[in-house]
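**Q** Please find protein.cif (mmCIF, C-alpha atoms) on the next line:
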data_structure
#
loop_
_atom_site.label_atom_id
_atom_site.label_comp_id
_atom_site.auth_asym_id
_atom_site.auth_seq_id
_atom_site.Cartn_x
_atom_site.Cartn_y
_atom_site.Cartn_z
CA MET A 1 -99.85 29.17 31.78
CA ILE A 2 -99.43 32.82 30.79
CA ILE A 3 -100.38 33.75 27.26
CA VAL A 4 -100.16 37.28 25.96
CA LYS A 5 -101.54 38.05 22.52
CA ASN A 6 -101.04 41.23 20.61
CA LEU A 7 -100.85 43.40 23.72
CA SER A 8 -100.68 47.14 23.08
CA LYS A 9 -100.83 50.04 25.49
CA LYS A 10 -100.73 53.80 25.07
CA PHE A 11 -100.32 56.44 27.74
CA ASP A 12 -101.55 59.69 26.25
CA ASP A 13 -99.91 59.66 22.84
CA ASP A 14 -97.00 57.46 23.81
CA GLN A 15 -97.09 53.91 22.51
CA ILE A 16 -95.53 52.12 25.49
CA LEU A 17 -96.27 48.57 24.38
CA ASP A 18 -96.76 47.58 20.77
CA SER A 19 -98.23 44.16 19.82
CA ILE A 20 -96.45 42.03 22.40
CA ASN A 21 -96.81 38.26 22.28
CA MET A 22 -95.64 35.98 25.07
CA ASN A 23 -96.01 32.37 25.99
CA VAL A 24 -94.86 31.34 29.45
CA LYS A 25 -95.02 27.64 30.30
CA LYS A 26 -95.77 26.31 33.76
CA GLY A 27 -92.69 25.72 35.85
CA SER A 28 -90.47 27.73 33.56
CA ILE A 29 -88.41 30.84 34.18
CA TYR A 30 -89.10 33.58 31.67
CA GLY A 31 -86.80 36.57 31.38
CA ILE A 32 -87.69 39.97 29.97
CA ILE A 33 -84.63 41.92 28.92
CA GLY A 34 -84.46 45.42 27.60
CA PRO A 35 -82.76 48.77 28.03
CA ASN A 36 -84.18 51.45 30.31
CA GLY A 37 -87.53 52.69 29.12
CA ALA A 38 -88.20 49.66 26.94
CA GLY A 39 -91.57 48.98 28.58
CA LYS A 40 -90.56 46.13 30.90
CA THR A 41 -92.33 47.45 33.98
CA THR A 42 -95.46 48.36 32.01
CA LEU A 43 -95.55 44.84 30.60
CA LEU A 44 -95.19 43.29 34.07
CA ASN A 45 -97.91 45.60 35.40
CA HIS A 46 -100.20 44.13 32.75
CA LEU A 47 -99.27 40.55 33.67
CA ALA A 48 -99.99 41.31 37.32
CA GLY A 49 -103.34 42.84 36.44
CA VAL A 50 -102.45 46.34 37.55
CA TYR A 51 -103.06 47.88 34.12
CA LYS A 52 -105.77 47.11 31.63
CA GLU A 53 -104.68 46.51 28.05
CA ASP A 54 -105.84 48.82 25.24
CA ILE A 55 -105.68 46.08 22.63
CA GLY A 56 -104.95 42.37 22.84
CA GLU A 57 -105.42 39.89 25.64
CA ILE A 58 -103.66 38.40 28.63
CA LYS A 59 -104.72 34.97 29.84
CA ILE A 60 -103.39 33.32 32.95
CA ASN A 61 -104.62 29.75 33.24
CA ASP A 62 -107.21 30.71 30.61
CA GLN A 63 -108.51 33.54 32.80
CA ASP A 64 -108.36 37.30 32.45
CA ILE A 65 -106.21 38.75 35.19
CA TYR A 66 -107.37 42.37 35.35
CA GLU A 67 -109.71 42.93 38.33
CA ASN A 68 -109.64 39.20 39.02
CA ALA A 69 -108.98 38.96 42.76
CA SER A 70 -109.10 35.17 43.02
CA ALA A 71 -106.55 34.71 40.23
CA LYS A 72 -104.29 37.23 41.96
CA GLN A 73 -104.26 35.16 45.15
CA ASN A 74 -101.95 32.66 43.46
CA MET A 75 -99.67 35.30 42.10
CA ALA A 76 -96.98 37.39 43.73
CA TYR A 77 -95.69 40.58 42.20
CA MET A 78 -92.43 41.95 43.46
CA GLN A 79 -92.29 45.49 42.17
CA ASP A 80 -89.17 47.49 41.62
CA GLU A 81 -90.15 49.83 44.44
CA ILE A 82 -91.93 48.31 47.43
CA TYR A 83 -95.08 50.12 48.46
CA ALA A 84 -95.45 50.89 52.15
CA TYR A 85 -97.43 53.27 54.32
CA PRO A 86 -95.06 55.89 55.77
CA GLN A 87 -95.22 54.80 59.41
CA TYR A 88 -95.35 51.05 58.73
CA THR A 89 -92.71 48.69 60.05
CA ILE A 90 -91.89 45.48 58.19
CA LYS A 91 -94.00 43.63 60.76
CA ASN A 92 -97.00 45.95 60.18
CA MET A 93 -96.76 45.37 56.44
CA ALA A 94 -96.52 41.60 56.91
CA ASP A 95 -99.65 41.69 59.06
CA PHE A 96 -101.37 43.70 56.36
CA TYR A 97 -100.50 41.06 53.75
CA LYS A 98 -101.65 38.32 56.12
CA GLU A 99 -105.08 39.96 56.11
CA MET A 100 -105.11 40.38 52.35
CA TYR A 101 -104.01 36.93 51.29
CA THR A 102 -105.70 33.75 52.44
CA ASN A 103 -102.65 31.75 51.43
CA TRP A 104 -100.15 33.78 53.48
CA ASN A 105 -97.87 31.34 55.32
CA GLU A 106 -96.50 32.73 58.56
CA ASP A 107 -93.94 29.90 59.01
CA ARG A 108 -92.51 30.59 55.63
CA TYR A 109 -92.39 34.31 56.29
CA ASN A 110 -90.43 33.65 59.49
CA LYS A 111 -88.01 31.35 57.68
CA LEU A 112 -87.45 33.86 54.89
CA LYS A 113 -86.93 36.60 57.45
CA GLU A 114 -84.27 34.47 59.07
CA ILE A 115 -82.53 33.64 55.78
CA PHE A 116 -82.26 37.31 54.83
CA ASP A 117 -81.54 38.34 58.41
CA ILE A 118 -84.36 40.86 58.54
CA ASN A 119 -85.25 42.78 61.67
CA ASP A 120 -88.96 43.36 61.16
CA LYS A 121 -89.26 46.14 63.73
CA LYS A 122 -87.62 48.53 61.28
CA ARG A 123 -89.65 51.04 59.34
CA ILE A 124 -89.79 50.21 55.63
CA THR A 125 -89.27 53.78 54.46
CA LYS A 126 -85.98 53.89 56.38
CA LEU A 127 -84.49 50.86 54.64
CA SER A 128 -81.83 51.02 51.95
CA LYS A 129 -82.68 50.10 48.36
CA GLY A 130 -81.20 46.61 48.61
CA MET A 131 -82.87 45.89 51.94
CA LYS A 132 -86.22 46.99 50.53
CA LYS A 133 -85.77 44.49 47.72
CA GLN A 134 -85.04 41.68 50.14
CA VAL A 135 -88.11 42.56 52.23
CA ALA A 136 -90.27 42.70 49.11
CA PHE A 137 -88.94 39.30 48.06
CA CYS A 138 -89.80 37.81 51.47
CA PHE A 139 -93.33 39.21 51.26
CA ALA A 140 -93.78 37.84 47.74
CA LEU A 141 -92.56 34.34 48.59
CA SER A 142 -94.42 34.08 51.91
CA LYS A 143 -97.63 33.03 50.21
CA LYS A 144 -96.06 30.28 48.10
CA PRO A 145 -97.22 31.81 44.82
CA GLU A 146 -97.89 29.70 41.76
CA ILE A 147 -96.66 32.58 39.65
CA LEU A 148 -93.91 34.90 40.74
CA ILE A 149 -93.41 38.13 38.84
CA MET A 150 -90.31 40.13 39.68
CA ASP A 151 -89.31 43.53 38.36
CA GLU A 152 -85.54 44.02 38.46
CA PRO A 153 -85.21 41.87 41.59
CA ILE A 154 -81.42 41.79 41.75
CA ASP A 155 -80.84 45.43 41.03
CA GLY A 156 -79.05 46.82 44.09
CA LEU A 157 -78.53 43.47 45.85
CA ASP A 158 -75.14 42.40 47.14
CA PRO A 159 -73.75 39.09 45.81
CA ILE A 160 -74.75 37.12 48.91
CA ALA A 161 -78.33 38.36 48.93
CA ARG A 162 -78.46 37.64 45.21
CA LYS A 163 -77.35 34.04 45.72
CA LYS A 164 -79.91 33.60 48.52
CA LEU A 165 -82.67 34.95 46.31
CA TRP A 166 -81.76 32.67 43.42
CA ASN A 167 -81.54 29.63 45.66
CA ILE A 168 -85.06 30.20 46.97
CA VAL A 169 -86.35 30.67 43.43
CA ILE A 170 -84.54 27.50 42.30
CA ASP A 171 -86.02 25.64 45.24
CA ASP A 172 -89.58 26.64 44.46
CA VAL A 173 -89.25 25.97 40.74
CA ALA A 174 -87.72 22.52 41.36
CA LYS A 175 -90.03 21.50 44.19
CA ARG A 176 -93.42 22.85 43.22
CA GLU A 177 -93.10 24.03 39.63
CA MET A 178 -93.50 27.70 40.38
CA THR A 179 -93.65 29.81 37.21
CA VAL A 180 -91.36 32.84 37.20
CA VAL A 181 -91.38 35.96 35.07
CA ILE A 182 -88.46 38.25 35.71
CA SER A 183 -87.22 41.45 34.17
CA SER A 184 -83.72 42.82 34.06
CA HIS A 185 -81.43 44.96 32.00
CA ASN A 186 -78.62 42.63 32.97
CA LEU A 187 -78.52 39.70 30.59
CA LYS A 188 -75.61 38.05 32.34
CA GLU A 189 -77.59 37.71 35.52
CA LEU A 190 -80.43 35.98 33.70
CA GLU A 191 -78.65 33.82 31.16
CA ASN A 192 -78.11 30.83 33.43
CA MET A 193 -81.53 31.11 35.08
CA CYS A 194 -84.02 31.51 32.26
CA ASP A 195 -85.62 28.99 29.93
CA THR A 196 -86.87 31.65 27.57
CA ILE A 197 -85.93 35.24 26.97
CA LEU A 198 -87.96 38.08 25.54
CA ILE A 199 -85.99 41.05 24.34
CA LEU A 200 -87.97 44.23 24.50
CA ASP A 201 -87.09 47.61 23.07
CA LYS A 202 -89.17 50.75 22.62
CA GLY A 203 -92.29 48.77 23.45
CA LYS A 204 -91.67 46.17 20.76
CA SER A 205 -90.69 42.59 21.19
CA ILE A 206 -87.43 42.04 19.31
CA ILE A 207 -86.96 38.35 20.02
CA GLU A 208 -88.70 35.67 22.04
CA LYS A 209 -86.50 32.61 22.10
CA SER A 210 -85.28 29.80 24.29
CA ILE A 211 -81.82 30.42 25.72
CA GLU A 212 -80.53 27.24 24.08
CA ALA A 213 -81.71 28.44 20.68
CA LEU A 214 -80.14 31.85 21.22
CA ARG A 215 -76.91 30.12 22.13
CA THR A 216 -76.83 27.74 19.17
CA ASP A 217 -78.31 29.93 16.43
CA VAL A 218 -75.61 32.54 16.22
CA HIS A 219 -71.98 31.81 15.41
CA LYS A 220 -68.86 33.86 15.32
CA ILE A 221 -66.29 32.62 12.86
CA GLN A 222 -63.11 33.74 11.21
CA PHE A 223 -61.90 32.56 7.86
CA VAL A 224 -59.48 33.30 5.07
CA LEU A 225 -60.40 32.56 1.47
CA LYS A 226 -58.08 32.54 -1.49
CA ASN A 227 -59.38 35.73 -3.08
CA GLN A 228 -61.65 38.70 -2.61
CA GLU A 229 -64.11 37.55 -5.23
CA GLN A 230 -64.81 34.27 -3.45
CA GLU A 231 -65.20 36.10 -0.19
CA GLU A 232 -67.84 38.45 -1.53
CA LYS A 233 -69.69 35.55 -3.08
CA LEU A 234 -69.69 33.61 0.17
CA LEU A 235 -70.86 36.56 2.27
CA LYS A 236 -73.97 36.71 0.09
CA GLU A 237 -74.71 33.03 0.67
CA ILE A 238 -74.73 33.09 4.45
CA ASN A 239 -76.88 35.15 6.81
CA VAL A 240 -74.30 37.62 8.07
CA ILE A 241 -75.30 39.96 10.89
CA ASN A 242 -71.89 41.45 11.51
CA SER A 243 -68.74 41.48 9.46
CA GLU A 244 -65.27 42.82 10.06
CA LYS A 245 -61.96 42.44 8.35
CA SER A 246 -58.58 42.53 9.97
CA GLY A 247 -55.73 41.94 7.56
CA SER A 248 -56.64 39.00 5.36
CA ILE A 249 -58.86 37.47 8.06
CA ARG A 250 -62.60 37.98 7.79
CA VAL A 251 -64.47 37.81 11.11
CA VAL A 252 -68.23 37.38 10.79
CA VAL A 253 -71.20 36.74 13.01
CA VAL A 254 -73.63 34.47 11.23
CA LYS A 255 -77.12 33.25 11.99
CA GLY A 256 -78.39 29.78 11.18
CA GLU A 257 -77.72 26.07 11.41
CA TRP A 258 -74.00 25.47 11.93
CA ASN A 259 -73.71 22.42 9.67
CA GLU A 260 -75.17 24.30 6.72
CA ILE A 261 -72.92 27.29 7.27
CA GLU A 262 -69.84 25.11 7.57
CA GLU A 263 -70.73 23.29 4.36
CA LYS A 264 -71.15 26.55 2.44
CA ILE A 265 -67.80 27.85 3.61
CA ASN A 266 -65.98 24.59 2.99
CA LYS A 267 -67.08 24.65 -0.65
CA TYR A 268 -64.58 27.49 -1.11
CA ASN A 269 -61.75 25.50 0.47
CA PRO A 270 -60.83 28.13 3.03
CA VAL A 271 -57.19 28.56 3.96
CA LEU A 272 -58.36 29.06 7.53
CA LEU A 273 -61.68 28.48 9.31
CA ASP A 274 -62.18 28.86 13.06
CA ARG A 275 -65.23 29.08 15.26
CA LEU A 276 -64.84 31.66 18.00
CA ASN A 277 -66.54 31.69 21.37
CA LEU A 278 -69.53 33.92 21.75
CA THR A 279 -71.15 34.95 25.02
CA LEU A 280 -74.87 35.47 25.26
CA GLU A 281 -74.21 39.13 25.86
CA GLU A 282 -72.50 39.38 22.48
CA VAL A 283 -75.35 37.48 20.87
CA PHE A 284 -77.74 39.99 22.40
CA ILE A 285 -75.79 42.95 21.05
CA TYR A 286 -75.49 41.40 17.58
CA GLU A 287 -79.19 40.55 17.50
CA MET A 288 -80.01 44.14 18.44
CA GLU A 289 -77.65 45.44 15.76
CA GLY A 290 -79.25 43.06 13.30
CA GLN A 291 -82.58 44.73 14.10
CA GLY A 292 -81.12 48.09 13.19
CA TYR A 293 -80.05 49.18 16.66
CA GLU A 294 -76.57 50.49 16.34
CA ILE A 295 -74.28 50.25 19.34
CA LYS A 296 -72.04 53.22 18.83
CA ASN A 297 -68.78 53.91 20.51
CA GLN A 298 -69.62 57.13 22.22
CA THR A 299 -67.43 59.59 23.99
CA ILE A 300 -68.26 62.90 25.54
CA MET B 1 -67.58 19.95 41.37
CA LEU B 2 -68.95 20.69 37.95
CA GLN B 3 -68.24 23.90 36.18
CA ILE B 4 -70.16 25.54 33.38
CA ASP B 5 -68.33 27.34 30.61
CA TYR B 6 -70.51 30.28 29.68
CA SER B 7 -68.39 31.33 26.76
CA SER B 8 -68.81 27.91 25.21
CA ARG B 9 -71.17 27.42 22.31
CA ALA B 10 -72.51 24.21 23.83
CA PRO B 11 -75.88 24.46 25.59
CA ILE B 12 -75.65 24.22 29.37
CA TYR B 13 -77.61 20.94 29.57
CA GLU B 14 -75.22 19.38 27.05
CA GLN B 15 -72.22 20.52 29.08
CA LEU B 16 -73.78 18.98 32.18
CA VAL B 17 -74.47 15.69 30.39
CA ASP B 18 -70.89 15.47 29.10
CA LYS B 19 -69.32 16.34 32.45
CA ILE B 20 -71.45 13.92 34.45
CA LYS B 21 -70.79 11.17 31.89
CA THR B 22 -67.06 11.70 32.33
CA LEU B 23 -67.37 11.52 36.11
CA ILE B 24 -69.33 8.28 35.81
CA VAL B 25 -67.05 6.66 33.24
CA LYS B 26 -64.00 7.60 35.30
CA ASN B 27 -65.63 5.96 38.29
CA VAL B 28 -65.63 9.18 40.33
CA LEU B 29 -69.35 8.66 40.66
CA LYS B 30 -69.72 4.96 41.48
CA VAL B 31 -72.40 2.45 40.57
CA ASN B 32 -75.53 2.91 42.72
CA GLU B 33 -74.16 6.10 44.20
CA GLN B 34 -76.81 8.74 44.69
CA MET B 35 -76.60 11.80 42.45
CA LEU B 36 -77.21 15.30 43.77
CA THR B 37 -80.90 16.14 43.48
CA VAL B 38 -81.95 18.49 40.70
CA ARG B 39 -82.50 21.21 43.27
CA GLU B 40 -79.12 20.70 44.94
CA LEU B 41 -77.17 20.76 41.70
CA ALA B 42 -79.14 23.76 40.41
CA SER B 43 -78.45 25.67 43.65
CA GLN B 44 -74.80 24.71 43.64
CA LEU B 45 -74.30 26.05 40.12
CA THR B 46 -77.00 28.74 40.40
CA ILE B 47 -78.65 27.60 37.22
CA ASN B 48 -82.19 26.88 36.15
CA PRO B 49 -83.44 23.60 37.69
CA ASN B 50 -85.22 22.82 34.41
CA THR B 51 -81.82 22.69 32.73
CA VAL B 52 -80.54 20.18 35.28
CA GLN B 53 -83.75 18.18 34.90
CA ARG B 54 -83.19 18.03 31.16
CA ALA B 55 -79.61 16.80 31.61
CA TYR B 56 -80.74 14.09 34.05
CA ARG B 57 -83.46 12.98 31.64
CA ILE B 58 -80.91 12.53 28.86
CA LEU B 59 -78.52 10.65 31.16
CA GLU B 60 -81.38 8.38 32.17
CA GLU B 61 -82.41 7.74 28.56
CA GLU B 62 -78.84 6.82 27.69
CA GLY B 63 -78.63 4.43 30.63
CA TYR B 64 -76.09 6.27 32.75
CA ILE B 65 -78.41 6.85 35.68
CA TYR B 66 -81.74 5.56 36.96
CA SER B 67 -84.26 7.24 39.19
CA VAL B 68 -86.22 5.92 42.14
CA THR B 69 -89.48 7.72 42.79
CA GLY B 70 -89.26 9.74 45.97
CA LYS B 71 -85.58 9.01 46.46
CA GLY B 72 -83.68 10.56 43.59
CA SER B 73 -81.26 9.52 40.86
CA PHE B 74 -78.50 6.95 41.10
CA VAL B 75 -75.62 5.82 38.91
CA SER B 76 -76.76 2.82 36.88
CA ASP B 77 -74.87 -0.48 36.90
CA LYS B 78 -75.30 -0.47 33.12
CA ILE B 79 -72.32 1.84 33.20
CA VAL B 80 -70.15 -1.30 33.44
CA ASN B 81 -71.46 -2.33 30.02
CA ILE B 82 -71.25 1.17 28.65
CA ARG B 83 -67.61 1.37 29.71
CA GLU B 84 -66.86 -2.07 28.25
CA ASP B 85 -68.46 -1.04 24.95
CA GLN B 86 -66.40 2.13 24.88
CA VAL B 87 -63.22 0.18 25.61
CA LYS B 88 -64.06 -2.26 22.81
CA THR B 89 -64.67 0.52 20.29
CA GLU B 90 -61.43 2.24 21.23
CA LEU B 91 -59.48 -1.05 21.03
CA VAL B 92 -60.88 -1.71 17.58
CA LYS B 93 -59.67 1.74 16.53
CA LEU B 94 -56.28 1.06 18.11
CA ASN B 95 -55.98 -2.23 16.25
CA GLN B 96 -56.74 -0.48 12.99
CA VAL B 97 -53.96 1.99 13.67
CA ILE B 98 -51.58 -0.82 14.58
CA GLU B 99 -52.54 -2.60 11.38
CA ARG B 100 -51.90 0.53 9.30
CA LEU B 101 -48.54 1.02 10.99
CA LYS B 102 -47.67 -2.60 10.22
CA ASN B 103 -48.37 -1.95 6.53
CA LEU B 104 -45.88 0.90 6.74
CA GLY B 105 -43.32 -1.44 8.17
CA VAL B 106 -43.64 -0.37 11.81
CA TYR B 107 -44.36 -3.17 14.21
CA VAL B 108 -46.23 -2.24 17.38
CA GLU B 109 -47.25 -4.54 20.15
CA TYR B 110 -50.03 -3.72 22.56
CA LYS B 111 -50.24 -5.42 25.93
CA PRO B 112 -52.97 -4.50 28.40
CA LYS B 113 -51.42 -3.50 31.71
CA LYS B 114 -52.70 -4.95 34.94
CA GLY B 115 -55.32 -2.78 36.57
CA ASP B 116 -56.45 -1.05 33.41
CA ASP B 117 -59.84 -2.75 33.64
CA THR B 118 -59.80 -4.26 30.16
CA GLN B 119 -59.97 -7.84 31.38
#
How does this structure look as structure tokens?

**A**
Amino acid sequence: MIIVKNLSKKFDDDQILDSINMNVKKGSIYGIIGPNGAGKTTLLNHLAGVYKEDIGEIKINDQDIYENASAKQNMAYMQDEIYAYPQYTIKNMADFYKEMYTNWNEDRYNKLKEIFDINDKKRITKLSKGMKKQVAFCFALSKKPEILIMDEPIDGLDPIARKKLWNIVIDDVAKREMTVVISSHNLKELENMCDTILILDKGKSIIEKSIEALRTDVHKIQFVLKNQEQEEKLLKEINVINSEKSGSIRVVVVKGEWNEIEEKINKYNPVLLDRLNLTLEEVFIYEMEGQGYEIKNQTI
Amino acid sequence: MLQIDYSSRAPIYEQLVDKIKTLIVKNVLKVNEQMLTVRELASQLTINPNTVQRAYRILEEEGYIYSVTGKGSFVSDKIVNIREDQVKTELVKLNQVIERLKNLGVYVEYKPKKGDDTQ
């Protein structure tokens, strides 16, 4: 559906995106996670055909997207900040979109308006941040897009609006295999919604992996071996990405196939061996640390 | 109501499969009863519908549910056999334990109670 190969982009001398690869399957939900300034919005702007790539290519259904008006008809891009003419009411803007898009569906717009309880006589520039998001979401979904791209859609939304938004997305993915690309700095919000996650930092793609693989590839365990020597030997045999010691208990975060890891540890007849629970957020932090990004305890 | 444990290591689809299986085996979901649609269950849990789809596919492959095009998924009557098989396996295990106890000089008698569905 969406294939990005080796995408790089510079603004002046700043390398904003550096050799990004992506593969988004039809009907899937693809999450882009990264800290502020990682390049998420720039990447989405490329997918939506707003920016032209310096190097690499972006294919959507085998077509280039930049300056391709017909391909953009089937796509909706919900930007972080909704664009509106200063005097425009929500109604004016909806009418504008109706003109622009042949596939605008007025019934659907009215239904969405009702769900989010939107009074469309209000001027867009006067709305709060969260209300703007909800309006932008209604506009995006009113044309039943095949591809929905959303930049930080839940940022600033209250829990009820958030639930409404997710339910509509779930509906469209389940019913008509809409493809969704969504960015966020909040992993927790995305972990139950996405099939695949791309972690972006400083313009580079750190990981592109299915959520299930992320969940099952990293393990947190604690063990006690009979002596220090054995412990050091074992730590060299497994792929440790984080290691701590408290008393005689060694707590490690390890990457790899669980059965193999267990076998390696069991060879040393551990006095104690426990698997600990690990949230996706922890996995994310450990993966980042594993890539050389240190999460320091900072105080001012 | 199903609940997902996000701190668990198990993938979400696997958790769904296990929980639905339990509901079926315990007869909470009855034979030929209609399951929630993929969309309904996904909305209820606010999870990816593709994850629910995957769980339903596995349940169908293993004979717990069947789907009717245009109507949805239902609990399969094969569950009766599945439950019987499970009971048999567990009884075999129980007999082995009883046998081992006997060898240790402990005599145990097992009588199925009425209403425990083993007959």

**Q** Near chain B, which residues of chain A fall within 12 Å when you count all atoms listed in the file, and what do they look like as number ranges by chain?

**A** A: 25-31, 162-180, 188-196, 210-221, 258, 275-283

**Q** With only C-alpha atoms as the basis for distance, which of A:Leu47, A:Ile60, A:Leu127, A:Met75 is at the shortest distance from A:Thr89?

**A**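 Smallest separation from A:Thr89 among the options: A:Leu127.
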
**Q** If we count only C-alpha atoms, what is near B:Ile20 at a cut-off of 9 Å, once residues fewer than 6 positions away on the same chain are taken out, given as a list in words?

**A** Leu2, Leu29 and Leu59 of chain B

**Q** Rank B:Val17, B:Val97, B:Ile79, B:Ile58 by their smallest atom-to-atom distance to B:Glu33, using only C-alpha atoms, and report the top residue only.

**A** B:Ile79

**Q** Just say which residues the PyMOL selection byres ((chain A and resi 201) around 9) picks in this file, as an NGL selection string.

**A** :A and (33-40 or 199-200 or 202-206)

**Q** Give me, please, the distance in Å between atom CA of B:Asp77 and atom CA of B:Arg57, quoted to one decimal.

**A**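 For atom CA of B:Asp77 relative to atom CA of B:Arg57, the distance reads 16.8 Å.
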
**Q** Got a sec: who's within 8 Å of A:Met150, counting only C-alpha atoms, leaving out chain neighbours fewer than 5 positions off, as JSON, numbers by chain?

**A** {"A": [77, 78, 79, 80, 180, 181, 182, 183]}

**Q** So that I can check the surroundings of A:Leu273, please list as a ChimeraX atom specification every protein, DNA and RNA residue that reaches within 8 Å of it, counting only C-alpha atoms and ignoring chain neighbours fewer than 3 positions away.

**A** /A:221-224,270

**Q** Using atom CA of A:Ile197 and atom CA of A:Ala48 as the two end points, give the distance in Å to one decimal.

**A**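 Taking atom CA of A:Ile197 as the start and atom CA of A:Ala48 as the end point, the length is 18.5 Å.
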
**Q** From the options A:Gln73, A:Gln228, A:Ser248, A:Ser19, which residue's atoms come nearest to A:Glu99, counting all atoms listed in the file?

**A**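 That would be A:Gln73, the residue with the smallest distance to A:Glu99.
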
**Q** What gap, in Å, lies between atom CA of A:Glu244 and atom CA of A:Tyr286?

**A**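 Between atom CA of A:Glu244 and atom CA of A:Tyr286 the gap is 12.8 Å.
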
**Q** Find the residues near A:Lys72: any atom within 10 Å, counting only C-alpha atoms, skip ones fewer than 6 places away on the same chain, and give them as a PyMOL selection string.

**A** chain A and resi 48-49+60+65-66+101+145-147

**Q** If you count all atoms listed in the file, which residues fall within 8 Å of stretch 111-122 of chain A, apart from same-chain ones fewer than 4 positions away, as a VMD selection string?

**A** chain A and resid 89 to 91 107 126 to 127 134 to 135 138 142 161 164

**Q** From the block you just saw, export stretch 88-122 of chain A: C-alpha atoms, as a tab-separated table (two decimals), in the first residue's frame.

**A**
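Saved the output as selection.tsv:
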chain	number	residue	atom	x	y	z
A	88	TYR	CA	-14.10	30.96	8.24
A	89	THR	CA	-16.66	29.11	10.33
A	90	ILE	CA	-16.59	25.31	10.52
A	91	LYS	CA	-19.47	25.29	8.03
A	92	ASN	CA	-17.54	27.52	5.57
A	93	MET	CA	-14.55	25.20	5.76
A	94	ALA	CA	-16.74	22.12	5.23
A	95	ASP	CA	-18.23	23.75	2.14
A	96	PHE	CA	-14.73	24.49	0.92
A	97	TYR	CA	-13.76	20.82	1.29
A	98	LYS	CA	-16.98	19.77	-0.44
A	99	GLU	CA	-15.82	21.76	-3.46
A	100	MET	CA	-12.31	20.34	-3.33
A	101	TYR	CA	-13.11	16.67	-2.92
A	102	THR	CA	-15.39	14.75	-5.25
A	103	ASN	CA	-15.77	12.04	-2.63
A	104	TRP	CA	-16.92	14.35	0.18
A	105	ASN	CA	-19.92	12.74	1.88
A	106	GLU	CA	-22.29	15.25	3.44
A	107	ASP	CA	-24.28	12.59	5.36
A	108	ARG	CA	-21.15	11.33	6.97
A	109	TYR	CA	-20.03	14.85	7.83
A	110	ASN	CA	-23.37	15.47	9.54
A	111	LYS	CA	-23.12	12.22	11.49
A	112	LEU	CA	-19.56	12.96	12.60
A	113	LYS	CA	-20.61	16.47	13.61
A	114	GLU	CA	-23.32	14.95	15.75
A	115	ILE	CA	-21.01	12.38	17.36
A	116	PHE	CA	-18.51	15.05	18.38
A	117	ASP	CA	-21.27	17.52	19.22
A	118	ILE	CA	-19.89	20.23	16.96
A	119	ASN	CA	-21.66	23.52	16.40
A	120	ASP	CA	-20.52	24.41	12.90
A	121	LYS	CA	-21.46	28.07	13.11
A	122	LYS	CA	-18.39	28.70	15.25
